[in-house]
Amino acid sequence: EDKVVQSPLSLVVHEGDTVTLNCSYEVTNFRSLLWYKQEKKAPTFLFMLTSSGIEKKSGRLSSILDKKELFSILNITATQTGDSAVYLCARGGNRDDKIIFGKGTRLHILP
Amino acid sequence: NAGVTQTPKFRVLKTGQSMTLLCAQDMNHEYMYWYRQDPGMGLRLIHYSVGEGTTAKGEVPDGYNVSRLKKQNFLLGLESAAPSQTSVYFCASAWTGFEQFFGPGTRLTVL
């Protein structure tokens, strides 16, 4: 079955902590793995990963893809209250151009 | 540039009524998507389009129809609304590489 599974489903940490969010998938041949941040409204794009083992970074956020083990992680270092959001992972098009999302990880940062 | 816009922002329907949600993008994107988001369910793909005049089914297409008569517009129709279709609907568009840009969402309630 074509699933994207995110873990944990929710996470509460204190400001300054480092968090790792996980995303696993089942389809082996696809074009991209995507990460989004969703606060109160529409998701906003964070990263697109197409190659295994190459880390992408943006400030305190980083992500990497492992195509052999079929997972990706999103790391956030020195968390801030503004990082509180739902983080969504999606696997991009296979032969059918669908983009399938996981259920998301709800992250809450305590001050 | 307005990006991706959705009309209407809110709507309340009675069971059995029909309606059309409009998504418009001004970025000349080929790909357009309709998702629904329910609590704890992430984003689920309803239908998508890879170009003008084309449409395809996503994960949860039953009860919905779509049309892409013009490249910039993607319409989502509910022919006979049911309470199970109460949800927040997001439209997204993408060029290549599957970095999606999302609209602000439509909150639909079916009584």
# chains A, B, ... in the order shown; residues from 1 in each chain; ligands from 1
>>> interface_residues(of="chain A", to="chain B", cutoff="12 Å", atoms="only C-alpha atoms", output="short mmCIF file (atom, residue, chain, number, x, y, z; two decimals) with N, CA, C and O atoms, in the first residue's frame")
data_model
loop_
_atom_site.label_atom_id
_atom_site.label_comp_id
_atom_site.auth_asym_id
_atom_site.auth_seq_id
_atom_site.Cartn_x
_atom_site.Cartn_y
_atom_site.Cartn_z
N GLU A 1 0.84 -1.19 0.00
CA GLU A 1 0.00 0.00 0.00
C GLU A 1 0.88 1.25 0.00
O GLU A 1 1.93 1.26 0.61
N ASP A 2 0.48 2.27 -0.67
CA ASP A 2 1.26 3.48 -0.84
C ASP A 2 1.02 4.43 0.32
O ASP A 2 0.13 5.27 0.26
N LYS A 3 1.81 4.33 1.36
CA LYS A 3 1.61 5.15 2.54
C LYS A 3 2.82 6.00 2.84
O LYS A 3 3.96 5.64 2.52
N VAL A 4 2.54 7.13 3.48
CA VAL A 4 3.59 7.96 4.06
C VAL A 4 3.28 8.03 5.55
O VAL A 4 2.19 8.46 5.93
N VAL A 5 4.20 7.59 6.37
CA VAL A 5 3.97 7.50 7.81
C VAL A 5 4.92 8.42 8.54
O VAL A 5 6.14 8.32 8.38
N GLN A 6 4.35 9.30 9.34
CA GLN A 6 5.16 10.25 10.10
C GLN A 6 5.13 9.90 11.59
O GLN A 6 4.12 9.45 12.11
N LEU A 9 3.42 11.47 16.19
CA LEU A 9 2.27 12.24 15.75
C LEU A 9 2.23 13.60 16.46
O LEU A 9 1.72 14.58 15.89
N SER A 10 2.73 13.64 17.68
CA SER A 10 2.82 14.91 18.37
C SER A 10 4.04 14.91 19.27
O SER A 10 4.51 13.86 19.70
N PHE A 30 10.36 7.21 -6.86
CA PHE A 30 9.62 8.46 -6.91
C PHE A 30 10.58 9.60 -7.13
O PHE A 30 11.79 9.44 -7.02
N ARG A 31 10.04 10.78 -7.43
CA ARG A 31 10.90 11.88 -7.84
C ARG A 31 11.39 12.74 -6.69
O ARG A 31 12.48 13.31 -6.75
N SER A 32 10.57 12.89 -5.64
CA SER A 32 10.98 13.84 -4.60
C SER A 32 10.26 13.54 -3.29
O SER A 32 9.18 12.97 -3.27
N LEU A 33 10.90 13.95 -2.21
CA LEU A 33 10.31 13.88 -0.88
C LEU A 33 10.23 15.32 -0.40
O LEU A 33 11.20 16.07 -0.49
N LEU A 34 9.06 15.70 0.08
CA LEU A 34 8.80 17.10 0.39
C LEU A 34 8.47 17.28 1.87
O LEU A 34 7.79 16.43 2.47
N TRP A 35 8.92 18.39 2.43
CA TRP A 35 8.55 18.76 3.79
C TRP A 35 7.87 20.13 3.76
O TRP A 35 8.33 21.06 3.08
N TYR A 36 6.77 20.24 4.55
CA TYR A 36 6.03 21.48 4.66
C TYR A 36 5.80 21.80 6.13
O TYR A 36 5.73 20.91 6.98
N LYS A 37 5.62 23.08 6.41
CA LYS A 37 5.24 23.57 7.74
C LYS A 37 3.84 24.15 7.63
O LYS A 37 3.56 24.94 6.73
N GLN A 38 2.96 23.74 8.53
CA GLN A 38 1.60 24.30 8.52
C GLN A 38 1.29 24.89 9.88
O GLN A 38 1.23 24.15 10.88
N GLU A 39 1.09 26.19 9.90
CA GLU A 39 0.67 26.84 11.13
C GLU A 39 -0.85 26.90 11.10
O GLU A 39 -1.51 25.88 11.00
N LYS A 40 -1.45 28.05 11.13
CA LYS A 40 -2.91 28.04 11.24
C LYS A 40 -3.60 27.90 9.89
O LYS A 40 -4.77 27.55 9.81
N LYS A 41 -2.88 28.17 8.84
CA LYS A 41 -3.54 28.17 7.54
C LYS A 41 -2.90 27.18 6.58
O LYS A 41 -2.75 26.02 6.87
N ALA A 42 -2.53 27.63 5.40
CA ALA A 42 -2.05 26.73 4.36
C ALA A 42 -0.62 26.29 4.63
O ALA A 42 0.17 27.02 5.23
N PRO A 43 -0.25 25.08 4.18
CA PRO A 43 1.14 24.64 4.32
C PRO A 43 2.10 25.52 3.53
O PRO A 43 1.75 26.02 2.45
N THR A 44 3.28 25.69 4.09
CA THR A 44 4.33 26.41 3.38
C THR A 44 5.51 25.47 3.16
O THR A 44 5.86 24.69 4.04
N PHE A 45 6.13 25.60 2.01
CA PHE A 45 7.20 24.69 1.59
C PHE A 45 8.46 24.89 2.41
O PHE A 45 8.86 26.02 2.69
N LEU A 46 9.08 23.78 2.81
CA LEU A 46 10.37 23.83 3.50
C LEU A 46 11.49 23.27 2.63
O LEU A 46 12.44 23.96 2.30
N PHE A 47 11.37 21.98 2.29
CA PHE A 47 12.45 21.32 1.55
C PHE A 47 11.88 20.37 0.50
O PHE A 47 10.82 19.79 0.68
N MET A 48 12.67 20.19 -0.56
CA MET A 48 12.44 19.12 -1.50
C MET A 48 13.72 18.31 -1.60
O MET A 48 14.79 18.89 -1.84
N LEU A 49 13.62 17.02 -1.41
CA LEU A 49 14.78 16.13 -1.44
C LEU A 49 14.61 15.15 -2.59
O LEU A 49 13.57 14.51 -2.72
N THR A 50 15.63 15.05 -3.42
CA THR A 50 15.56 14.11 -4.54
C THR A 50 16.68 13.09 -4.49
O THR A 50 16.56 12.01 -5.07
N VAL A 86 2.36 22.19 12.63
CA VAL A 86 2.29 20.82 12.13
C VAL A 86 3.27 20.70 10.98
O VAL A 86 3.27 21.54 10.06
N TYR A 87 4.11 19.68 11.02
CA TYR A 87 5.08 19.46 9.95
C TYR A 87 4.62 18.26 9.12
O TYR A 87 4.39 17.17 9.64
N LEU A 88 4.49 18.53 7.84
CA LEU A 88 3.96 17.53 6.91
C LEU A 88 5.04 17.03 5.98
O LEU A 88 5.85 17.81 5.47
N CYS A 89 5.03 15.74 5.77
CA CYS A 89 5.94 15.10 4.83
C CYS A 89 5.09 14.57 3.68
O CYS A 89 3.96 14.10 3.89
N ALA A 90 5.62 14.63 2.47
CA ALA A 90 4.90 14.11 1.31
C ALA A 90 5.88 13.47 0.35
O ALA A 90 7.00 13.98 0.17
N ARG A 91 5.45 12.40 -0.30
CA ARG A 91 6.30 11.84 -1.33
C ARG A 91 5.75 12.28 -2.68
O ARG A 91 4.54 12.27 -2.90
N GLY A 92 6.65 12.74 -3.50
CA GLY A 92 6.28 13.29 -4.79
C GLY A 92 6.00 12.22 -5.81
O GLY A 92 6.02 11.03 -5.52
N GLY A 93 5.76 12.68 -7.02
CA GLY A 93 5.25 11.82 -8.06
C GLY A 93 6.06 10.58 -8.36
O GLY A 93 7.28 10.60 -8.41
N ASN A 94 5.35 9.51 -8.54
CA ASN A 94 5.93 8.27 -9.03
C ASN A 94 5.57 8.23 -10.51
O ASN A 94 5.75 9.20 -11.22
N ASP A 96 2.58 8.20 -11.46
CA ASP A 96 1.25 8.75 -11.58
C ASP A 96 1.16 10.22 -11.21
O ASP A 96 0.08 10.77 -11.18
N ASP A 97 2.24 10.87 -10.88
CA ASP A 97 2.30 12.29 -10.54
C ASP A 97 1.54 12.67 -9.29
O ASP A 97 1.32 13.84 -9.03
N LYS A 98 1.10 11.69 -8.51
CA LYS A 98 0.41 12.02 -7.26
C LYS A 98 1.42 12.53 -6.24
O LYS A 98 2.57 12.12 -6.24
N ILE A 99 0.95 13.39 -5.35
CA ILE A 99 1.74 13.80 -4.19
C ILE A 99 0.95 13.38 -2.97
O ILE A 99 -0.14 13.89 -2.73
N ILE A 100 1.50 12.43 -2.20
CA ILE A 100 0.78 11.83 -1.09
C ILE A 100 1.40 12.28 0.23
O ILE A 100 2.60 12.14 0.44
N PHE A 101 0.56 12.81 1.11
CA PHE A 101 1.01 13.34 2.39
C PHE A 101 0.85 12.34 3.53
O PHE A 101 -0.06 11.50 3.51
N GLY A 102 1.71 12.46 4.52
CA GLY A 102 1.51 11.79 5.79
C GLY A 102 0.53 12.59 6.65
O GLY A 102 0.05 13.66 6.24
N LYS A 103 0.25 12.07 7.85
CA LYS A 103 -0.73 12.74 8.71
C LYS A 103 -0.14 13.92 9.47
O LYS A 103 -0.86 14.69 10.07
N GLY A 104 1.17 14.04 9.43
CA GLY A 104 1.80 15.19 10.06
C GLY A 104 2.27 14.92 11.49
O GLY A 104 1.79 14.01 12.16
N THR A 105 3.21 15.73 11.93
CA THR A 105 3.67 15.74 13.32
C THR A 105 3.34 17.10 13.89
O THR A 105 3.78 18.13 13.36
N ARG A 106 2.57 17.10 14.97
CA ARG A 106 2.24 18.37 15.64
C ARG A 106 3.30 18.67 16.68
O ARG A 106 3.46 17.92 17.65
#
>>> residues_around(residues="segment 70-84 of chain A", least_positions_apart="4", cutoff="10 Å", atoms="only C-alpha atoms", output="ChimeraX atom specification")
/A:4-7,11-28,33-35,37-39,46-47,49,52-53,55-66,89,106-111
>>> select_by_dssp(residues="segment 4-72 of chain A", states="strand (DSSP E)", output="PyMOL selection string")
chain A and resi 4-7+10-14+19-25+33-38+44-49+56-58+61-66+71-72
>>> write_last_selection(atoms="N, CA, C and O atoms", output="short mmCIF file (atom, residue, chain, number, x, y, z; two decimals), in the first residue's frame")
data_model
loop_
_atom_site.label_atom_id
_atom_site.label_comp_id
_atom_site.auth_asym_id
_atom_site.auth_seq_id
_atom_site.Cartn_x
_atom_site.Cartn_y
_atom_site.Cartn_z
N VAL A 4 2.54 7.13 3.48
CA VAL A 4 3.59 7.96 4.06
C VAL A 4 3.28 8.03 5.55
O VAL A 4 2.19 8.46 5.93
N VAL A 5 4.20 7.59 6.37
CA VAL A 5 3.97 7.50 7.81
C VAL A 5 4.92 8.42 8.54
O VAL A 5 6.14 8.32 8.38
N GLN A 6 4.35 9.30 9.34
CA GLN A 6 5.16 10.25 10.10
C GLN A 6 5.13 9.90 11.59
O GLN A 6 4.12 9.45 12.11
N SER A 7 6.26 10.12 12.23
CA SER A 7 6.32 9.89 13.67
C SER A 7 7.28 10.90 14.31
O SER A 7 8.22 11.36 13.65
N SER A 10 2.73 13.64 17.68
CA SER A 10 2.82 14.91 18.37
C SER A 10 4.04 14.91 19.27
O SER A 10 4.51 13.86 19.70
N LEU A 11 4.51 16.11 19.55
CA LEU A 11 5.75 16.26 20.30
C LEU A 11 5.72 17.59 21.02
O LEU A 11 5.39 18.62 20.43
N VAL A 12 6.06 17.56 22.32
CA VAL A 12 6.14 18.79 23.11
C VAL A 12 7.54 18.88 23.68
O VAL A 12 8.00 17.94 24.35
N VAL A 13 8.23 19.97 23.42
CA VAL A 13 9.60 20.16 23.92
C VAL A 13 9.73 21.59 24.43
O VAL A 13 8.84 22.43 24.21
N HIS A 14 10.83 21.86 25.10
CA HIS A 14 11.10 23.21 25.58
C HIS A 14 11.95 23.98 24.58
O HIS A 14 12.75 23.39 23.83
N VAL A 19 14.92 18.82 17.94
CA VAL A 19 13.93 17.79 17.63
C VAL A 19 14.24 17.13 16.30
O VAL A 19 14.82 17.75 15.40
N THR A 20 13.84 15.86 16.20
CA THR A 20 13.97 15.11 14.95
C THR A 20 12.62 14.52 14.61
O THR A 20 12.03 13.79 15.42
N LEU A 21 12.12 14.86 13.45
CA LEU A 21 10.85 14.35 12.97
C LEU A 21 11.11 13.33 11.88
O LEU A 21 11.99 13.52 11.04
N ASN A 22 10.32 12.27 11.91
CA ASN A 22 10.57 11.14 11.00
C ASN A 22 9.47 10.98 9.96
O ASN A 22 8.29 11.25 10.24
N CYS A 23 9.87 10.51 8.79
CA CYS A 23 8.93 10.26 7.70
C CYS A 23 9.38 9.01 6.98
O CYS A 23 10.51 8.95 6.47
N SER A 24 8.52 8.01 6.92
CA SER A 24 8.85 6.79 6.17
C SER A 24 7.81 6.58 5.07
O SER A 24 6.67 7.02 5.21
N TYR A 25 8.21 5.91 4.02
CA TYR A 25 7.31 5.74 2.88
C TYR A 25 7.52 4.36 2.28
O TYR A 25 8.47 3.65 2.64
N LEU A 33 10.90 13.95 -2.21
CA LEU A 33 10.31 13.88 -0.88
C LEU A 33 10.23 15.32 -0.40
O LEU A 33 11.20 16.07 -0.49
N LEU A 34 9.06 15.70 0.08
CA LEU A 34 8.80 17.10 0.39
C LEU A 34 8.47 17.28 1.87
O LEU A 34 7.79 16.43 2.47
N TRP A 35 8.92 18.39 2.43
CA TRP A 35 8.55 18.76 3.79
C TRP A 35 7.87 20.13 3.76
O TRP A 35 8.33 21.06 3.08
N TYR A 36 6.77 20.24 4.55
CA TYR A 36 6.03 21.48 4.66
C TYR A 36 5.80 21.80 6.13
O TYR A 36 5.73 20.91 6.98
N LYS A 37 5.62 23.08 6.41
CA LYS A 37 5.24 23.57 7.74
C LYS A 37 3.84 24.15 7.63
O LYS A 37 3.56 24.94 6.73
N GLN A 38 2.96 23.74 8.53
CA GLN A 38 1.60 24.30 8.52
C GLN A 38 1.29 24.89 9.88
O GLN A 38 1.23 24.15 10.88
N THR A 44 3.28 25.69 4.09
CA THR A 44 4.33 26.41 3.38
C THR A 44 5.51 25.47 3.16
O THR A 44 5.86 24.69 4.04
N PHE A 45 6.13 25.60 2.01
CA PHE A 45 7.20 24.69 1.59
C PHE A 45 8.46 24.89 2.41
O PHE A 45 8.86 26.02 2.69
N LEU A 46 9.08 23.78 2.81
CA LEU A 46 10.37 23.83 3.50
C LEU A 46 11.49 23.27 2.63
O LEU A 46 12.44 23.96 2.30
N PHE A 47 11.37 21.98 2.29
CA PHE A 47 12.45 21.32 1.55
C PHE A 47 11.88 20.37 0.50
O PHE A 47 10.82 19.79 0.68
N MET A 48 12.67 20.19 -0.56
CA MET A 48 12.44 19.12 -1.50
C MET A 48 13.72 18.31 -1.60
O MET A 48 14.79 18.89 -1.84
N LEU A 49 13.62 17.02 -1.41
CA LEU A 49 14.78 16.13 -1.44
C LEU A 49 14.61 15.15 -2.59
O LEU A 49 13.57 14.51 -2.72
N LYS A 56 19.93 18.95 3.18
CA LYS A 56 19.52 20.31 2.82
C LYS A 56 19.34 21.10 4.11
O LYS A 56 18.81 20.58 5.09
N LYS A 57 19.79 22.36 4.10
CA LYS A 57 19.71 23.18 5.30
C LYS A 57 19.10 24.53 5.00
O LYS A 57 19.30 25.10 3.92
N SER A 58 18.36 25.02 5.99
CA SER A 58 17.83 26.37 5.93
C SER A 58 17.78 26.89 7.36
O SER A 58 16.88 26.54 8.12
N LEU A 61 16.89 24.60 10.42
CA LEU A 61 16.23 23.40 9.91
C LEU A 61 17.13 22.68 8.91
O LEU A 61 17.83 23.31 8.13
N SER A 62 17.09 21.36 8.98
CA SER A 62 17.83 20.56 8.00
C SER A 62 17.06 19.27 7.76
O SER A 62 16.27 18.82 8.61
N SER A 63 17.31 18.68 6.61
CA SER A 63 16.60 17.45 6.25
C SER A 63 17.49 16.58 5.38
O SER A 63 18.35 17.08 4.65
N ILE A 64 17.26 15.27 5.48
CA ILE A 64 18.03 14.34 4.68
C ILE A 64 17.13 13.18 4.28
O ILE A 64 16.16 12.87 4.97
N LEU A 65 17.47 12.57 3.16
CA LEU A 65 16.68 11.48 2.62
C LEU A 65 17.54 10.22 2.52
O LEU A 65 18.71 10.29 2.13
N ASP A 66 16.97 9.08 2.90
CA ASP A 66 17.64 7.79 2.75
C ASP A 66 16.77 6.91 1.87
O ASP A 66 15.81 6.31 2.32
N PHE A 71 13.29 6.44 4.19
CA PHE A 71 12.84 7.39 5.19
C PHE A 71 13.56 8.73 5.00
O PHE A 71 14.59 8.83 4.34
N SER A 72 12.98 9.73 5.65
CA SER A 72 13.58 11.06 5.70
C SER A 72 13.42 11.59 7.10
O SER A 72 12.50 11.19 7.83
#
>>> residues_around(residues="Asn73 of chain B", least_positions_apart="6", cutoff="7 Å", atoms="only C-alpha atoms", output="list in words")
Cys23, Ala24 and Gln25 of chain B
>>> residues_around(residues="Leu21 of chain B", least_positions_apart="2", cutoff="9 Å", atoms="only C-alpha atoms", output="PyMOL selection string")
chain B and resi 6-8+19+23+74-78+89+106
>>> atom_distance(atom1="atom CA of Met32 of chain B", atom2="atom CA of Gly63 of chain B")
18.9 Å
>>> residues_around(residues="Ala82 of chain B", least_positions_apart="6", cutoff="9 Å", atoms="only C-alpha atoms", output="compact mmCIF listing (two decimals) with N, CA, C and O atoms, in the first residue's frame")
# COMPACT_ATOMS: atom_id res chain seq x y z
N LEU B 13 -23.47 24.30 3.49
CA LEU B 13 -24.42 23.67 2.58
C LEU B 13 -25.36 22.76 3.37
O LEU B 13 -25.00 22.28 4.45
N LYS B 14 -26.51 22.51 2.79
CA LYS B 14 -27.38 21.48 3.33
C LYS B 14 -27.12 20.18 2.57
O LYS B 14 -26.73 20.20 1.40
N THR B 15 -27.37 19.06 3.21
CA THR B 15 -27.19 17.76 2.57
C THR B 15 -27.96 17.72 1.26
O THR B 15 -29.14 18.10 1.20
N GLY B 16 -27.27 17.27 0.20
CA GLY B 16 -27.91 17.16 -1.11
C GLY B 16 -27.69 18.35 -2.02
O GLY B 16 -27.90 18.25 -3.23
N GLN B 17 -27.26 19.48 -1.48
CA GLN B 17 -27.00 20.64 -2.32
C GLN B 17 -25.69 20.44 -3.09
O GLN B 17 -24.85 19.62 -2.73
N GLY B 63 -17.47 11.22 -4.78
CA GLY B 63 -18.33 12.32 -4.39
C GLY B 63 -17.89 13.67 -4.93
O GLY B 63 -18.56 14.68 -4.67
N VAL B 110 -21.20 20.89 5.86
CA VAL B 110 -22.41 20.33 5.27
C VAL B 110 -23.32 19.86 6.41
O VAL B 110 -22.94 18.99 7.21
N LEU B 111 -24.49 20.46 6.47
CA LEU B 111 -25.42 20.16 7.57
C LEU B 111 -26.37 19.02 7.22
O LEU B 111 -26.68 18.82 6.04
>>> atom_distance(atom1="atom CA of His29 of chain B", atom2="atom CA of Val60 of chain B")
23.2 Å
>>> atom_distance(atom1="atom CA of Val12 of chain B", atom2="atom CA of Ser80 of chain B")
13.3 Å
